[in-house]
>>> print(open('work-v8.txt').read())   # compact mmCIF, C-alpha atoms and all ligand atoms
# COMPACT_ATOMS: atom_id res chain seq x y z
CA MET F 1 24.63 -0.63 -13.07
CA ILE F 2 24.99 -4.34 -13.91
CA SER F 3 26.60 -6.17 -10.98
CA PRO F 4 29.23 -8.92 -11.36
CA ARG F 5 26.39 -11.35 -10.63
CA GLY F 6 24.92 -10.51 -14.03
CA TYR F 7 21.68 -8.74 -13.11
CA ASN F 8 20.77 -5.18 -12.29
CA LYS F 9 20.16 -5.36 -8.54
CA ARG F 10 19.06 -7.73 -5.82
CA ILE F 11 15.95 -6.18 -4.34
CA LEU F 12 14.02 -7.09 -1.19
CA VAL F 13 10.25 -6.50 -1.20
CA THR F 14 8.65 -7.03 2.21
CA GLY F 15 4.92 -7.73 1.95
CA GLY F 16 5.72 -8.83 -1.61
CA ALA F 17 2.96 -11.45 -1.69
CA GLY F 18 0.28 -8.82 -1.05
CA PHE F 19 -1.76 -6.77 -3.49
CA LEU F 20 0.72 -3.94 -4.20
CA GLY F 21 3.81 -6.02 -3.40
CA SER F 22 2.99 -8.62 -6.05
CA HIS F 23 2.66 -5.90 -8.74
CA LEU F 24 5.94 -4.39 -7.58
CA CYS F 25 7.78 -7.76 -7.68
CA GLU F 26 6.47 -8.28 -11.22
CA ARG F 27 7.68 -4.88 -12.36
CA LEU F 28 11.13 -5.22 -10.75
CA LEU F 29 11.66 -8.65 -12.33
CA ALA F 30 10.60 -7.32 -15.74
CA ALA F 31 13.28 -4.64 -15.37
CA GLY F 32 15.96 -7.34 -14.98
CA ASN F 33 16.41 -7.41 -11.21
CA ASP F 34 16.64 -10.29 -8.77
CA VAL F 35 13.74 -10.09 -6.33
CA LEU F 36 13.54 -11.50 -2.82
CA CYS F 37 9.92 -11.46 -1.67
CA VAL F 38 9.47 -11.71 2.10
CA ASP F 39 5.99 -12.19 3.52
CA ASN F 40 4.28 -13.88 6.48
CA PHE F 41 1.12 -14.47 4.37
CA PHE F 42 -1.14 -12.71 6.87
CA THR F 43 -3.11 -10.97 4.12
CA GLY F 44 -0.94 -11.91 1.15
CA SER F 45 -0.73 -15.32 -0.46
CA ARG F 46 1.46 -17.57 -2.56
CA SER F 47 -1.21 -17.43 -5.26
CA ASN F 48 -0.54 -13.69 -5.75
CA VAL F 49 3.02 -14.53 -6.83
CA ALA F 50 2.49 -18.09 -8.14
CA HIS F 51 3.14 -16.89 -11.70
CA LEU F 52 6.55 -15.56 -10.60
CA LEU F 53 7.75 -18.73 -8.84
CA PRO F 54 9.19 -20.40 -11.99
CA ASN F 55 11.37 -17.32 -12.63
CA PRO F 56 14.91 -18.12 -11.41
CA HIS F 57 15.38 -14.46 -10.50
CA PHE F 58 12.49 -14.63 -8.01
CA GLU F 59 12.69 -16.01 -4.48
CA LEU F 60 9.86 -16.27 -1.96
CA MET F 61 10.60 -16.42 1.78
CA ARG F 62 8.06 -16.85 4.58
CA HIS F 63 9.16 -14.48 7.33
CA ASP F 64 7.60 -12.04 9.78
CA VAL F 65 9.36 -8.65 9.69
CA THR F 66 8.91 -8.17 13.44
CA PHE F 67 11.84 -10.62 13.68
CA PRO F 68 15.34 -9.72 12.49
CA LEU F 69 16.24 -10.64 8.93
CA TYR F 70 19.77 -11.29 7.73
CA VAL F 71 19.97 -11.31 3.94
CA GLU F 72 22.16 -9.57 1.36
CA VAL F 73 20.39 -7.09 -0.92
CA ASP F 74 21.09 -3.79 -2.70
CA GLU F 75 17.70 -2.16 -2.20
CA ILE F 76 14.65 -2.58 0.05
CA TYR F 77 10.96 -1.76 -0.48
CA ASN F 78 9.18 -2.07 2.90
CA LEU F 79 5.51 -2.83 2.24
CA ALA F 80 4.81 -5.43 4.95
CA CYS F 81 1.69 -4.33 6.88
CA PRO F 82 -1.99 -5.17 6.65
CA ALA F 83 -3.61 -2.23 4.87
CA SER F 84 -7.38 -2.45 5.14
CA PRO F 85 -9.29 -1.54 8.32
CA VAL F 86 -10.78 -5.06 8.65
CA HIS F 87 -7.34 -6.64 8.52
CA TYR F 88 -5.33 -4.16 10.56
CA GLN F 89 -7.96 -4.07 13.31
CA HIS F 90 -8.04 -7.89 13.52
CA ASP F 91 -4.88 -7.91 15.69
CA PRO F 92 -4.11 -4.24 16.37
CA VAL F 93 -1.08 -4.93 18.58
CA GLN F 94 0.51 -7.00 15.81
CA THR F 95 -0.28 -4.16 13.35
CA THR F 96 1.67 -1.65 15.42
CA LYS F 97 4.50 -4.17 15.91
CA THR F 98 4.66 -4.79 12.18
CA SER F 99 4.96 -1.09 11.39
CA VAL F 100 7.33 -0.13 14.20
CA ILE F 101 9.48 -3.20 14.91
CA GLY F 102 9.31 -4.15 11.23
CA ALA F 103 10.65 -0.71 10.31
CA ILE F 104 13.45 -0.96 12.90
CA ASN F 105 14.52 -4.36 11.56
CA MET F 106 14.43 -3.31 7.92
CA LEU F 107 16.27 -0.06 8.72
CA GLY F 108 18.87 -2.05 10.68
CA LEU F 109 19.27 -4.34 7.68
CA ALA F 110 19.58 -1.34 5.33
CA LYS F 111 22.13 0.25 7.67
CA ARG F 112 24.31 -2.88 7.79
CA LEU F 113 24.21 -3.19 3.99
CA GLY F 114 24.31 0.50 3.05
CA ALA F 115 21.16 -0.25 1.03
CA ARG F 116 18.60 2.32 -0.08
CA ILE F 117 15.21 1.74 1.57
CA MET F 118 11.68 2.83 0.67
CA GLN F 119 8.77 2.94 3.11
CA ALA F 120 5.16 2.44 2.04
CA SER F 121 3.55 5.04 4.28
CA THR F 122 -0.03 6.12 3.92
CA SER F 123 -2.48 8.96 3.60
CA GLU F 124 -3.86 7.62 6.90
CA ILE F 125 -1.05 9.48 8.69
CA TYR F 126 -3.18 12.59 7.93
CA GLY F 127 -6.04 11.01 9.93
CA ASP F 128 -9.39 12.75 9.42
CA PRO F 129 -7.77 15.73 7.74
CA ALA F 130 -8.69 19.31 8.58
CA VAL F 131 -6.84 20.53 5.45
CA HIS F 132 -8.00 19.65 1.97
CA PRO F 133 -6.41 18.42 -0.31
CA GLN F 134 -3.53 17.17 1.82
CA PRO F 135 -0.03 18.50 1.05
CA GLU F 136 3.00 16.73 2.58
CA GLU F 137 3.51 19.67 4.98
CA TYR F 138 0.20 18.96 6.73
CA TRP F 139 0.84 17.24 10.10
CA GLY F 140 -2.48 15.43 10.29
CA ASN F 141 -5.39 14.91 12.63
CA VAL F 142 -5.19 11.43 14.15
CA ASN F 143 -7.09 10.06 17.15
CA THR F 144 -4.28 8.35 19.07
CA ILE F 145 -6.60 5.99 20.96
CA GLY F 146 -9.20 5.14 18.30
CA PRO F 147 -9.62 1.86 16.41
CA ARG F 148 -7.59 3.12 13.42
CA ALA F 149 -4.68 4.31 15.59
CA CYS F 150 -2.77 1.00 15.46
CA TYR F 151 -2.32 1.59 11.74
CA ASP F 152 -2.09 5.37 11.65
CA GLU F 153 0.25 5.78 14.60
CA GLY F 154 2.32 2.73 13.61
CA LYS F 155 2.87 4.27 10.18
CA ARG F 156 3.61 7.70 11.70
CA CYS F 157 6.22 6.17 14.02
CA ALA F 158 7.73 4.28 11.06
CA GLU F 159 8.14 7.61 9.24
CA THR F 160 9.87 9.02 12.34
CA LEU F 161 12.26 6.05 12.39
CA PHE F 162 13.03 6.44 8.69
CA PHE F 163 13.95 10.10 9.12
CA ASP F 164 15.98 9.44 12.29
CA TYR F 165 17.97 6.67 10.59
CA HIS F 166 18.50 9.09 7.69
CA ARG F 167 19.75 11.88 9.98
CA GLN F 168 21.61 9.72 12.48
CA HIS F 169 23.04 6.99 10.23
CA LYS F 170 23.00 8.77 6.83
CA LEU F 171 20.72 6.12 5.36
CA SER F 172 19.28 6.77 1.90
CA ILE F 173 15.50 6.74 2.46
CA LYS F 174 12.40 7.25 0.32
CA VAL F 175 9.04 7.71 2.08
CA ILE F 176 5.85 7.44 0.02
CA ARG F 177 2.44 8.39 1.35
CA ILE F 178 0.09 6.17 -0.62
CA PHE F 179 -3.53 7.18 -1.10
CA ASN F 180 -6.30 4.61 -1.74
CA THR F 181 -5.13 2.28 -4.48
CA TYR F 182 -7.09 -0.47 -6.21
CA GLY F 183 -6.67 -3.06 -8.94
CA PRO F 184 -6.35 -6.79 -9.65
CA ARG F 185 -5.24 -8.97 -6.70
CA MET F 186 -6.93 -6.81 -4.06
CA HIS F 187 -7.95 -9.14 -1.27
CA PRO F 188 -11.59 -10.15 -1.84
CA ASN F 189 -12.45 -10.09 1.90
CA ASP F 190 -10.56 -7.05 3.02
CA GLY F 191 -13.70 -4.93 3.26
CA ARG F 192 -12.26 -2.12 1.18
CA VAL F 193 -14.78 -0.16 -0.73
CA VAL F 194 -13.70 -1.01 -4.29
CA SER F 195 -13.48 -4.77 -3.74
CA ASN F 196 -16.68 -4.78 -1.65
CA PHE F 197 -18.72 -2.92 -4.26
CA ILE F 198 -17.41 -5.04 -7.18
CA ILE F 199 -18.07 -8.35 -5.42
CA GLN F 200 -21.51 -7.22 -4.25
CA ALA F 201 -22.38 -6.06 -7.77
CA LEU F 202 -21.17 -9.29 -9.37
CA LYS F 203 -23.19 -11.34 -6.87
CA GLY F 204 -26.25 -9.13 -7.38
CA GLU F 205 -26.24 -8.35 -3.65
CA PRO F 206 -26.96 -4.92 -2.16
CA ILE F 207 -24.14 -2.38 -2.43
CA THR F 208 -23.32 -1.36 1.15
CA ILE F 209 -22.71 2.36 1.56
CA TYR F 210 -21.51 3.36 5.01
CA GLY F 211 -23.15 6.57 6.22
CA ASP F 212 -24.72 8.93 3.68
CA GLY F 213 -22.16 8.05 0.99
CA LEU F 214 -21.09 11.67 0.59
CA GLN F 215 -17.65 11.05 2.08
CA THR F 216 -14.96 11.21 -0.61
CA ARG F 217 -11.89 9.22 -1.58
CA SER F 218 -9.43 9.33 -4.48
CA PHE F 219 -8.66 6.04 -6.17
CA CYS F 220 -5.35 5.30 -7.89
CA TYR F 221 -4.90 2.31 -10.19
CA ALA F 222 -2.13 -0.05 -9.01
CA ASP F 223 0.00 0.19 -12.20
CA ASP F 224 0.15 3.98 -11.89
CA LEU F 225 1.22 3.74 -8.27
CA ILE F 226 3.99 1.23 -9.03
CA ASP F 227 5.33 3.60 -11.72
CA GLY F 228 5.60 6.20 -8.98
CA PHE F 229 7.48 3.75 -6.68
CA ILE F 230 10.07 3.01 -9.39
CA ARG F 231 10.56 6.66 -10.32
CA PHE F 232 10.96 7.68 -6.67
CA MET F 233 13.50 4.93 -5.92
CA ALA F 234 15.64 6.19 -8.85
CA THR F 235 15.80 9.81 -7.62
CA PRO F 236 19.02 11.30 -6.12
CA ALA F 237 19.73 10.62 -2.43
CA ASP F 238 18.57 14.09 -1.32
CA VAL F 239 15.00 13.32 -2.49
CA THR F 240 13.74 11.58 0.65
CA GLY F 241 10.08 12.57 0.59
CA PRO F 242 7.65 12.16 2.11
CA ILE F 243 5.88 12.32 -1.25
CA ASN F 244 2.15 11.78 -1.75
CA LEU F 245 1.26 9.29 -4.47
CA GLY F 246 -2.36 8.94 -5.46
CA ASN F 247 -4.93 9.99 -7.98
CA PRO F 248 -6.30 13.49 -7.33
CA GLY F 249 -9.68 12.65 -8.90
CA GLU F 250 -12.14 12.79 -5.97
CA PHE F 251 -15.37 10.80 -5.82
CA THR F 252 -18.11 10.25 -3.26
CA MET F 253 -18.91 6.64 -2.30
CA LEU F 254 -22.31 7.14 -3.93
CA GLU F 255 -20.63 8.05 -7.23
CA LEU F 256 -18.35 5.03 -6.93
CA ALA F 257 -21.33 2.73 -6.28
CA GLU F 258 -23.12 4.08 -9.35
CA LYS F 259 -20.03 3.52 -11.53
CA VAL F 260 -19.59 -0.05 -10.33
CA ILE F 261 -23.27 -0.84 -10.91
CA ARG F 262 -23.08 0.60 -14.44
CA LEU F 263 -19.77 -1.08 -15.39
CA THR F 264 -20.82 -4.51 -14.11
CA GLY F 265 -24.34 -4.20 -15.57
CA SER F 266 -25.58 -5.28 -12.14
CA SER F 267 -29.12 -5.05 -10.83
CA SER F 268 -27.84 -4.48 -7.27
CA ARG F 269 -29.45 -1.75 -5.21
CA ILE F 270 -27.79 0.59 -2.75
CA GLU F 271 -28.20 0.00 0.99
CA HIS F 272 -26.95 2.31 3.72
CA ARG F 273 -25.10 0.99 6.80
CA PRO F 274 -23.70 2.82 9.85
CA LEU F 275 -20.53 4.81 9.30
CA PRO F 276 -17.51 3.25 11.08
CA GLN F 277 -15.88 5.24 13.90
CA ASP F 278 -13.22 7.79 12.83
CA ASP F 279 -14.02 7.33 9.13
CA PRO F 280 -12.36 10.27 7.31
CA LYS F 281 -14.91 12.52 5.57
CA GLN F 282 -12.71 13.66 2.71
CA ARG F 283 -9.44 12.52 1.26
CA ARG F 284 -7.59 13.72 -1.83
CA PRO F 285 -3.84 13.92 -2.44
CA ASP F 286 -2.03 17.10 -3.36
CA ILE F 287 0.47 15.57 -5.83
CA ALA F 288 2.38 18.75 -6.77
CA LYS F 289 5.61 17.27 -5.32
CA ALA F 290 5.26 13.99 -7.25
CA ARG F 291 4.61 15.99 -10.42
CA SER F 292 7.69 18.15 -10.02
CA LEU F 293 10.18 15.74 -8.40
CA LEU F 294 9.19 12.50 -10.12
CA GLU F 295 7.51 13.89 -13.25
CA TRP F 296 4.73 11.50 -12.32
CA GLU F 297 0.99 11.62 -12.45
CA PRO F 298 -1.63 8.88 -12.71
CA LYS F 299 -2.70 7.92 -16.23
CA VAL F 300 -5.49 5.36 -15.77
CA PRO F 301 -8.95 6.95 -15.38
CA LEU F 302 -11.25 5.47 -12.71
CA ASP F 303 -13.68 3.91 -15.21
CA GLU F 304 -10.87 2.11 -17.05
CA GLY F 305 -9.21 0.90 -13.86
CA LEU F 306 -12.55 -0.31 -12.52
CA GLU F 307 -13.19 -2.22 -15.77
CA ARG F 308 -9.82 -4.01 -15.43
CA THR F 309 -10.45 -4.77 -11.75
CA ILE F 310 -13.96 -6.03 -12.46
CA ALA F 311 -12.53 -8.31 -15.19
CA TYR F 312 -10.04 -9.72 -12.65
CA PHE F 313 -12.72 -10.44 -10.01
CA ARG F 314 -15.05 -11.93 -12.63
CA GLY F 315 -12.29 -14.23 -13.96
CA ARG F 316 -10.98 -15.29 -10.58
CA PHE F 317 -14.12 -15.70 -8.50
CA PHE F 318 -17.09 -15.82 -10.88
CA ALA F 319 -15.82 -17.80 -13.91
P1 LIG X 1 -1.83 -6.21 1.49
O1 LIG X 1 -2.48 -6.56 2.78
O2 LIG X 1 -2.31 -6.88 0.25
O3 LIG X 1 -0.26 -6.40 1.58
C1 LIG X 1 0.47 -6.39 2.78
C2 LIG X 1 1.39 -7.58 2.78
O4 LIG X 1 2.19 -7.56 3.96
C3 LIG X 1 0.64 -8.92 2.78
O5 LIG X 1 1.17 -9.78 1.82
C4 LIG X 1 0.86 -9.45 4.21
O6 LIG X 1 0.81 -10.86 4.29
C5 LIG X 1 2.22 -8.87 4.52
N1 LIG X 1 2.49 -8.75 5.96
C6 LIG X 1 1.67 -8.23 6.92
N2 LIG X 1 2.30 -8.27 8.12
C7 LIG X 1 3.53 -8.81 7.90
C8 LIG X 1 4.62 -9.13 8.74
N3 LIG X 1 4.59 -8.88 10.06
N4 LIG X 1 5.73 -9.69 8.18
C9 LIG X 1 5.78 -9.96 6.86
N5 LIG X 1 4.77 -9.69 6.01
C10 LIG X 1 3.66 -9.11 6.54
O7 LIG X 1 -1.98 -4.61 1.33
P2 LIG X 1 -1.50 -3.64 0.17
O8 LIG X 1 -2.67 -2.84 -0.20
O9 LIG X 1 -0.73 -4.35 -0.85
O10 LIG X 1 -0.51 -2.68 1.00
C11 LIG X 1 0.89 -2.74 0.88
C12 LIG X 1 1.51 -1.58 1.65
O11 LIG X 1 1.04 -0.35 1.11
C13 LIG X 1 1.14 -1.58 3.14
O12 LIG X 1 2.27 -1.20 3.89
C14 LIG X 1 0.08 -0.54 3.24
O13 LIG X 1 0.04 0.07 4.50
C15 LIG X 1 0.48 0.45 2.15
N6 LIG X 1 -0.67 1.21 1.65
C16 LIG X 1 -1.59 0.65 0.82
C17 LIG X 1 -2.68 1.41 0.38
C18 LIG X 1 -3.73 0.87 -0.55
O14 LIG X 1 -4.67 1.59 -0.87
N7 LIG X 1 -3.63 -0.33 -1.06
C19 LIG X 1 -2.81 2.73 0.81
C20 LIG X 1 -1.86 3.25 1.67
C21 LIG X 1 -0.78 2.49 2.08
N1 LIG X 2 18.69 -6.08 11.95
C1 LIG X 2 18.27 -7.03 11.03
N2 LIG X 2 19.12 -7.38 10.03
C2 LIG X 2 20.36 -6.86 9.89
C3 LIG X 2 20.77 -5.88 10.83
C4 LIG X 2 19.90 -5.51 11.84
O1 LIG X 2 17.15 -7.54 11.12
O2 LIG X 2 21.06 -7.25 8.96
C5 LIG X 2 17.76 -5.69 13.01
C6 LIG X 2 18.22 -6.09 14.38
O3 LIG X 2 17.12 -6.76 15.02
C7 LIG X 2 18.47 -4.79 15.08
C8 LIG X 2 17.63 -3.79 14.31
O4 LIG X 2 17.65 -4.28 12.97
O5 LIG X 2 18.06 -4.82 16.43
C9 LIG X 2 18.14 -2.39 14.34
O6 LIG X 2 19.49 -2.41 13.92
P1 LIG X 2 20.50 -1.25 14.35
O7 LIG X 2 21.83 -1.62 13.80
O8 LIG X 2 19.95 0.05 13.96
O9 LIG X 2 20.47 -1.27 15.92
P2 LIG X 2 20.94 -2.34 17.03
O10 LIG X 2 19.66 -2.77 17.69
O11 LIG X 2 21.63 -3.47 16.33
O12 LIG X 2 21.82 -1.55 17.90
N1 LIG X 3 -17.13 2.05 2.54
C1 LIG X 3 -18.46 1.89 2.16
N2 LIG X 3 -18.91 0.62 1.93
C2 LIG X 3 -18.12 -0.47 2.02
C3 LIG X 3 -16.76 -0.31 2.40
C4 LIG X 3 -16.31 0.97 2.65
O1 LIG X 3 -19.21 2.86 2.04
O2 LIG X 3 -18.62 -1.59 1.77
C5 LIG X 3 -16.63 3.42 2.76
C6 LIG X 3 -15.84 3.61 4.06
O3 LIG X 3 -16.70 3.92 5.13
C7 LIG X 3 -14.94 4.78 3.67
C8 LIG X 3 -14.69 4.59 2.18
O4 LIG X 3 -15.72 3.70 1.72
O5 LIG X 3 -15.63 6.01 3.85
C9 LIG X 3 -13.33 3.97 1.87
O6 LIG X 3 -13.18 2.82 2.69
P1 LIG X 3 -11.93 1.85 2.60
O7 LIG X 3 -12.03 0.91 3.75
O8 LIG X 3 -11.82 1.29 1.24
O9 LIG X 3 -10.65 2.80 2.77
P2 LIG X 3 -10.23 3.90 3.85
O10 LIG X 3 -11.38 4.23 4.77
O11 LIG X 3 -9.10 3.30 4.57
O12 LIG X 3 -9.88 5.06 3.00
>>> encode(input="work-v8.txt", output="structure tokens")
Amino acid sequence: MISPRGYNKRILVTGGAGFLGSHLCERLLAAGNDVLCVDNFFTGSRSNVAHLLPNPHFELMRHDVTFPLYVEVDEIYNLACPASPVHYQHDPVQTTKTSVIGAINMLGLAKRLGARIMQASTSEIYGDPAVHPQPEEYWGNVNTIGPRACYDEGKRCAETLFFDYHRQHKLSIKVIRIFNTYGPRMHPNDGRVVSNFIIQALKGEPITIYGDGLQTRSFCYADDLIDGFIRFMATPADVTGPINLGNPGEFTMLELAEKVIRLTGSSSRIEHRPLPQDDPKQRRPDIAKARSLLEWEPKVPLDEGLERTIAYFRGRFFA
């Protein structure tokens, strides 16, 4: 519906200057919305959204979501939270605060405004899963006191808050469980496997495989994921999720390393390093719900997505 203000909606994206947030802001603007991007620039940056700054429908605000926020919007996407182990373990207490207090503040804002709110949850709420692939009904296997717990338990508590605000205050909520996603504007130093391997390959440095490299992950290209966000937000109020979004193609880290070496034409060799504590052995989404409720599935194959991501890293850091 077009509002009297002459645009579709005014939409808040927290964490909008991050990797996924910047793609989401872009997509929402292209669809004719006004976008308010709120970010404390912990892992995100102005440069991720610099191309959007001249757009009069885009506004960038430096703000930490652990503090209350009083703005007027029609819809909220809550993405603020460091996402890679290196970043979220840098200040674990702040990570939990961001997930939990950030969720309370954004839910309080949504409640005051009667705004629909989406939460970027994560496959990490499944921990080191004992069920494979992971359907939404699986309750997970998380070490509450391990080094990943600040992220995993923070995100689990945020889900709890979303569902309690939904039940208690009749808020319209959408909870997405995102599986590993990659693409242009990933943080170059976040230690995630795709960015690490690409940068190592482009520098001709050894590709660092943690453990034996037989652990698996499923990698979704950012554009596909953002399609899923938009489709989910547009569903009727009774579709709350949680819904898994990710690419069900499953690869070992050895397979990923070989692909990156081939696609970059690198002469890098593989080196093994110790496996980090609590590193999940297998992860693959069961996306049956996304297929039926959102009519969504990923379209970009891993090789094609890697080529686009390699082109981005080459252009930005190796030109
Ligand atoms: P990112 O680190 O690039 O983005 C997170 C953004 O949040 C950054 O811009 C950061 O500066 C901002 N931020 C952090 N703490 C904040 C705070 N207290 N107040 C305001 N802003 C804050 O990571 P991303 O990959 O774009 O992840 C976005 C969201 O998606 C996160 O919530 C993450 O948990 C979730 N997610 C991502 C993946 C993935 O594979 N990329 C997987 C699962 C879940
Ligand atoms: N809040 C906010 N913006 C708003 C409304 C609320 O940031 O527009 C925050 C505020 O810090 C509040 C929290 O959201 O403490 C939860 O709000 P709620 O109304 O659920 O509970 P309250 O704490 O106000 O009783
Ligand atoms: N990994 C690796 N080499 C690296 C970085 C990561 O082998 O340089 C492994 C890591 O141990 C994990 C997988 O790749 O098994 C995915 O790691 P990432 O940090 O990207 O995501 P997450 O563990 O959160 O799924």
>>> residues_around(input="work-v8.txt", residues="Val100 (chain F)", least_positions_apart="2", cutoff="7 Å", atoms="all atoms listed in the file", output="MDAnalysis selection string")
chainID F and resid 96:98 102:104 154 157:158
>>> residues_near_ligand(input="work-v8.txt", ligand="ligand LIG 3 (chain X)", cutoff="6 Å", atoms="all atoms listed in the file", output="PyMOL selection string")
chain F and resi 84-85+180+191-193+196+208-210+215+253+275+279
>>> residues_near_ligand(input="work-v8.txt", ligand="ligand LIG 2 (chain X)", cutoff="6 Å", atoms="all atoms listed in the file", output="ChimeraX atom specification")
/F:68-70,104-106,108-109,112
>>> residues_near_ligand(input="work-v8.txt", ligand="ligand LIG 1 (chain X)", cutoff="7 Å", atoms="all atoms listed in the file", output="PyMOL selection string")
chain F and resi 14-21+38-45+63-66+79-84+98+102+120-123+177-182+186-187
>>> atom_distance(input="work-v8.txt", atom1="CA of Arg284 (chain F)", atom2="CA of Thr144 (chain F)")
21.8 Å
>>> residues_near_point(input="work-v8.txt", point="(13.3, 8.2, -4.4)", cutoff="10 Å", atoms="all atoms listed in the file", output="list in words")
Arg116, Ile117, Met118, Ser172, Ile173, Lys174, Val175, Ile176, Gly228, Phe229, Ile230, Arg231, Phe232, Met233, Ala234, Thr235, Pro236, Ala237, Asp238, Val239, Thr240, Gly241, Pro242, Ile243, Leu293 and Leu294 of chain F
>>> atom_distance(input="work-v8.txt", atom1="CA of Ala149 (chain F)", atom2="CA of Gly127 (chain F)")
8.9 Å
>>> residues_around(input="work-v8.txt", residues="region 304-312 of chain F", least_positions_apart="5", cutoff="6 Å", atoms="only C-alpha atoms", output="NGL selection string")
:F and (183-184 or 221)
>>> closest_residue(input="work-v8.txt", among="F:Asp34, F:Asp152, F:Thr252, F:Thr264", to="Gln200 (chain F)", atoms="only C-alpha atoms")
F:Thr264
>>> closest_residue(input="work-v8.txt", among="F:Gly140, F:Lys155, F:Pro248, F:Glu75", to="Ile101 (chain F)", atoms="all atoms listed in the file")
F:Lys155
>>> atom_distance(input="work-v8.txt", atom1="CA of Arg269 (chain F)", atom2="CA of Arg314 (chain F)")
19.1 Å
